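S.K.: My questions all concern the structure below.
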Amino acid sequence: MTHPTSPTTHGFEALDLSSLARVTSKAFERLLPYTLIQDPSSPEARPTINKIINKIQAYVEAIDMSIHVVHITYQMSKIAVALWTNPATSNEKQILVERTRRQKQLEYLVILADEAQKKAQKTTTVFEQVQQEFYKIAASTKNMDCTVQIPVDPTLRKLIYEDTAYVNKINNFPVEVIKKPLKDIGPDLVSNLNLLADFTRHSSDLTLWCGWINSGIITTDGTVVPPQDGSLTDADTIRPKWNRVHADCLIYHSIVRFPVIHGRPPQIHASHILGCLVCHDA
């Protein structure tokens with residue numbers, strides 16, 4: 001997959017968080033139940049099921065990483081808006097303090113942009129092989145007739161996470177599940193490939209956008225942050241674009257609103273972080 005190489009071909013308008021949010025929400029909901037597969041009828045199938053769970057878990061974590069990228073983008077937008085805002089200073093001491101503060105903000109923005117680009121690229125990379133991996137799962141389970149249980153949405157979204165593994169608590173909760181042959185899991189996963197291809201495309205777009213932002217911050221050419229001379233001549237043009245990014249992150253959060261659920265791995269938490277951030281900002 002192409003890495004971001006030409007910042008001039010990508011601008012603020014290339015960021016489409018609404019579309020990314022919709023496909024992220026769908027992809028997460030489709031994949032998450034397969035990380036909670038149970039096999040009460042066939043212990044000998046456990047090694048195969050564990051491989052499936054681990055593979056799907058990797059995709060779920062990659063989706064969560066993309067949610068974290070939006071969380072970072074939200075932070076960047078707040079800093080960038082501040083950088084493009086003319087400070088109210090009245091004396092040389094205040095000017096010096098403000099200059100130091102803005103330099104620290106810019107340095108932090110560089111760190112955030114680099115982190116966002118790397119995480120976005122990792123997400124895209126993970127999903128590059130999803131088609132091949134799902135067909136491998138289908139092939140490895142096509143002759144396995146044992147029955148497995150899978151939690152059913154939307155019930156899954158209503159459960160409460162209690163810091164205890166799902167496998168140890170499933171019998172103590174009224175969890176709605178469906179039973180199906182293990183050999184049907186592969187075709188079920190393959191049926192989601194179009195959706196995941198859409199997610200991968202939007203994830204790639206986000207990676208390119210983060211690369212463009214990162215490049216603009218490093219070069220301080222005035223397209224993303226104020227130029228090296230500190231001029232705010234283009235503030236009325238650039239600041240509204242960052243305000244739009246800020247607003248789009250909030251829209252993204254309103255769509256990608258996953259509760260912290262029972263059985264959800266504790267490392268899957270970026271959307272919760274974003275929710276706390278949004279509530280704090282409100």
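Residues in the structure tokens are named by chain (A, B, ... in the order shown) and by number from 1 within that chain; ligands are numbered from 1 in the order shown.
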Give me the residues within 7 Å of segment 68-80 of chain A as a PyMOL selection string, counting only C-alpha atoms and dropping any in the same chain fewer than 3 places off.
M.R.: chain A and resi 64-65+83-84+105+109+112+116+119-120+225+242-243+245-246+249+270+274
S.K.: With only C-alpha atoms as the counted atoms, please give the residues lying no more than 12 Å from Pro43 of chain A, apart from itself and same-chain residues fewer than 5 positions off, as a tab-separated table (two decimals) with N, CA and C atoms, in the first residue's frame.
M.R.:
```
chain	number	residue	atom	x	y	z
A	38	GLN	N	-17.24	-19.59	21.96
A	38	GLN	CA	-17.15	-20.67	22.94
A	38	GLN	C	-17.35	-22.01	22.23
A	48	THR	N	-7.83	-24.66	17.29
A	48	THR	CA	-8.25	-23.95	16.08
A	48	THR	C	-9.04	-22.70	16.44
A	49	ILE	N	-9.92	-22.83	17.42
A	49	ILE	CA	-10.73	-21.68	17.84
A	49	ILE	C	-9.85	-20.59	18.43
A	50	ASN	N	-8.84	-20.98	19.20
A	50	ASN	CA	-7.93	-19.99	19.77
A	50	ASN	C	-7.21	-19.20	18.67
A	146	CYS	N	-18.09	-29.54	14.65
A	146	CYS	CA	-18.42	-29.25	16.05
A	146	CYS	C	-19.16	-27.93	16.15
A	147	THR	N	-19.96	-27.81	17.20
A	147	THR	CA	-20.80	-26.64	17.39
A	147	THR	C	-20.12	-25.63	18.31
A	148	VAL	N	-20.22	-24.37	17.93
A	148	VAL	CA	-19.69	-23.30	18.77
A	148	VAL	C	-20.81	-22.33	19.11
```
S.K.: For Leu106 of chain A, which residue out of A:Leu196, A:Val81, A:Ala88, A:Ile217 is the nearest one, using only C-alpha atoms?
M.R.: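 Among the listed residues, A:Ile217 lies closest to Leu106 of chain A.
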S.K.: Using only C-alpha atoms, can you tell me which of A:Ile251, A:Ala14, A:Val23, A:Val110 comes closest to Thr220 of chain A?
M.R.: A:Val110
S.K.: Quick one: DSSP strand (DSSP E) residues in segment 50-262 of chain A, as a PyMOL selection string?
M.R.: chain A and resi 147-151+177-181
S.K.: Can I get the selected residues back with N, CA, C and O atoms, as a CSV table (one decimal), in the first residue's frame?
M.R.:
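Saved to result33.csv:
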```csv
chain,number,residue,atom,x,y,z
A,147,THR,N,-20.0,-27.8,17.2
A,147,THR,CA,-20.8,-26.6,17.4
A,147,THR,C,-20.1,-25.6,18.3
A,147,THR,O,-19.5,-26.0,19.3
A,148,VAL,N,-20.2,-24.4,17.9
A,148,VAL,CA,-19.7,-23.3,18.8
A,148,VAL,C,-20.8,-22.3,19.1
A,148,VAL,O,-21.9,-22.3,18.5
A,149,GLN,N,-20.6,-21.5,20.1
A,149,GLN,CA,-21.5,-20.5,20.5
A,149,GLN,C,-20.9,-19.1,20.3
A,149,GLN,O,-19.7,-18.9,20.7
A,150,ILE,N,-21.7,-18.2,19.8
A,150,ILE,CA,-21.2,-16.8,19.6
A,150,ILE,C,-22.2,-15.9,20.1
A,150,ILE,O,-23.4,-16.0,19.8
A,151,PRO,N,-21.8,-14.9,20.9
A,151,PRO,CA,-22.7,-13.9,21.4
A,151,PRO,C,-23.4,-13.1,20.3
A,151,PRO,O,-22.8,-12.9,19.2
A,177,VAL,N,-26.9,-16.1,22.8
A,177,VAL,CA,-25.9,-16.7,21.9
A,177,VAL,C,-26.6,-17.4,20.8
A,177,VAL,O,-27.8,-17.8,20.9
A,178,ILE,N,-25.9,-17.6,19.7
A,178,ILE,CA,-26.3,-18.4,18.6
A,178,ILE,C,-25.4,-19.6,18.5
A,178,ILE,O,-24.2,-19.5,18.8
A,179,LYS,N,-25.9,-20.8,18.1
A,179,LYS,CA,-25.1,-21.9,17.9
A,179,LYS,C,-25.0,-22.2,16.5
A,179,LYS,O,-25.9,-22.2,15.7
A,180,LYS,N,-23.8,-22.6,16.0
A,180,LYS,CA,-23.6,-22.9,14.6
A,180,LYS,C,-22.3,-23.8,14.5
A,180,LYS,O,-21.5,-23.8,15.3
A,181,PRO,N,-22.3,-24.5,13.4
A,181,PRO,CA,-21.1,-25.4,13.1
A,181,PRO,C,-19.8,-24.5,13.0
A,181,PRO,O,-19.9,-23.4,12.4
```
S.K.: Could you tell me which of A:Asn192, A:Ser204, A:Ser254, A:Thr233 comes closest to Gln131 of chain A if we count only C-alpha atoms?
M.R.: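 Using only C-alpha atoms, Gln131 of chain A sits closest to A:Asn192.
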S.K.: Provide the atom CA of Tyr135 of chain A to atom CA of Thr207 of chain A distance in Å, to one decimal place.
M.R.: 26.2 Å
S.K.: Near Gln57 of chain A, within 9 Å and counting only C-alpha atoms, which residues show up once chain neighbours fewer than 5 positions away are dropped, as a tab-separated table (two decimals) with C-alpha atoms, in the first residue's frame?
M.R.:
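Okay, selection.tsv is ready:
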```
chain	number	residue	atom	x	y	z
A	31	LEU	CA	-15.84	-8.71	14.28
A	32	LEU	CA	-16.10	-8.38	18.06
A	34	TYR	CA	-15.86	-13.68	16.99
A	35	THR	CA	-13.39	-12.83	19.76
A	52	ILE	CA	-9.37	-17.69	15.11
A	62	ALA	CA	-6.24	-2.44	14.83
A	265	PRO	CA	-10.45	-6.85	26.17
```
S.K.: Using only C-alpha atoms, which residue out of A:Ile67, A:Leu15, A:Val190, A:Ala27 lies closest to Glu133 of chain A?
M.R.: A:Val190
